[in-house]
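**Student:** Below you will find the structure I want to go over with you.
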Amino acid sequence: MTLSTAVRDHRHAMMRELMDREGYDALAFTGADFFQFATNFATDVQPWERPIVCIVPRNGEPFVILCELSTNHWRFGIEAQKLWVTDVEFYAEHPRLSNRVPLVTEWPQLVADRLRRAGLAKARIGADAAGGMLARATALLPGVKLEGATAGCRALRWVKHPEELQLLREIAALTDWVQDQYRENIRPGRLVQELDMSMAAKLAEESAVRFPGQHLEIMRCWTLSGPASCAPHGDGRSSGQRIEKGDGLVNIVIPRVNGLVVENERTWFCGKPTARQEFLYETARAANEAACEAAITGKPVSGIDAAAQAVIEKAGVADLILHRTGHGMGTMGHEFPEDMAFNHRPLIANEVYSAEPGLYQWGLGGFRHDDTVIVGATPEIITRAPKDLASQTIL
């Protein structure tokens, strides 16, 4: 489903509340993820290389400045009626003999001129990041006060609109389907990377059925098999690795559809697990369940991590923890709040989190499940959590 203008109105209302609260005349977004959050345009450039900006005035219509490389992509978005901003100006990154527009070297002057034309020449502007090219632009307008509003901008992305939640549920169902395909395809001797590429192809085929004409990005179909899985990001020697009988495998499926991300991570066994593998699997599974159950409105954000850690501590394997329990989910795979384990504010209904406590034993492997959960009076786990060891064992 394409996010509608109801989501735009929800997000822009939160932006206006931030501007009212802090006394800003406008917000400026220069990061790719924030730009997409504000415009519904899937940013197709790296802003460090080709700067972009979306300005959302407190009073007035938002406008954007993009590189010429995005010209036709932007037109496709307009044609599909997906974009939430229509006022756009482009700058060139190659010299033109005719139809000249400002060059990338004139980006600060272009932005300053556009702010002036929007009546923001003496504005107080809050930005997702207040330095870089944007600071050079506002320095050309002595009356402008540019301020870092990073924390406030990040908070805009905590609570999801009902349409976003429904899309996340649909993406989660797709990831569950892919995990079912993994179960059918894990076997001894198979190349790990070939398995993942095959599963990514299946994901693309199924997405074409469930989300035709939508924007699918396959961010990860990735498996670590055997001892290599004791490092959460692998051993750096993945080429040629094969699944062996007795291996424990940790995989992760992360699609992004229309700018929203779901994580679904599972531990599998190719053959009967040892007693130690079974113990660590059950401990990780119980920690994951505890983390999800702690995503209750009004309880501390850090309580999610604390609940998982309590289970692991009780099992006597806390020395095998290498990372926090999870993170926010949304526009990015690692969404805000990014400091979940140390954030003690109350959870808010309709925030979305990844719950992924893990255990990592050198020489044996990793044990981790990752479910995506919606905060509520009763937390809603939108991925299909594994219920027992047998469901994850392939004999």
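In the structure tokens, the first chain shown is A, the next is B, and so on; residue numbers restart at 1 for each chain, and ligands run from 1 in the order shown.
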Against segment 326-350 of chain A, which residues of segment 158-251 of chain A fall within 10 Å? For each one I want the closest pair of atoms and the distance in Å (one decimal), counting only C-alpha atoms, rows by chain and increasing residue number, as CSV.
**Tutor:**
residue,atom,partner,partner_atom,distance
A:Trp158,CA,A:Phe336,CA,6.5
A:Val159,CA,A:Asn350,CA,5.3
A:Lys160,CA,A:Asn350,CA,5.6
A:His161,CA,A:Asn350,CA,7.7
A:Pro162,CA,A:Asn350,CA,8.3
A:Glu164,CA,A:Gly330,CA,8.7
A:Leu165,CA,A:Asn350,CA,7.7
A:Leu168,CA,A:Gly330,CA,8.6
A:Met219,CA,A:Gly333,CA,8.6
**Student:** Check segment 68-304 of chain A with DSSP on the backbone and list each residue it calls strand (DSSP E or B), as a ChimeraX atom specification.
**Tutor:** /A:87-92,103,124-127,145-148,159,191,216-225,242,248-257,260-261,264-270,296,300
**Student:** Would you mind reading off the distance between atom CA of Val311 of chain A and atom CA of Pro357 of chain A, one decimal, in Å?
**Tutor:**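 So the two atoms, atom CA of Val311 of chain A and atom CA of Pro357 of chain A, lie 10.2 Å apart.
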**Student:** Nearest to Gly363 of chain A: which of A:Val7, A:Met197, A:Ala228, A:Ile218 is it, counting only C-alpha atoms?
**Tutor:** A:Ala228
**Student:** I'd like the neighbourhood of Thr30 of chain A as a count of residues only, where a residue qualifies if any of its atoms comes within 10 Å (using only C-alpha atoms), though same-chain residues fewer than 2 positions away should be ignored.
**Tutor:** 23
**Student:** Might you pull out every residue within 8 Å of Met14 of chain A, with only C-alpha atoms counted and same-chain residues fewer than 4 positions away left off, and present them as a ChimeraX atom specification?
**Tutor:** /A:10,18,156
**Student:** Those same residues - C-alpha atoms - I'd like them written as an mmCIF file, in the first residue's frame.
**Tutor:**
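This went into result_19.cif:
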data_model
loop_
_atom_site.group_PDB
_atom_site.id
_atom_site.type_symbol
_atom_site.label_atom_id
_atom_site.label_comp_id
_atom_site.auth_asym_id
_atom_site.auth_seq_id
_atom_site.Cartn_x
_atom_site.Cartn_y
_atom_site.Cartn_z
ATOM 1 C CA HIS A 10 0.041 13.188 10.500
ATOM 2 C CA LEU A 18 7.623 20.894 17.158
ATOM 3 C CA LEU A 156 8.941 12.932 15.040
#
**Student:** DSSP on the backbone, then: every residue of segment 188-354 of chain A marked helix (DSSP H, G or I), written as an MDAnalysis selection string.
**Tutor:** chainID A and resid 192:210 226:230 275:293 302:315 318:320 340:342
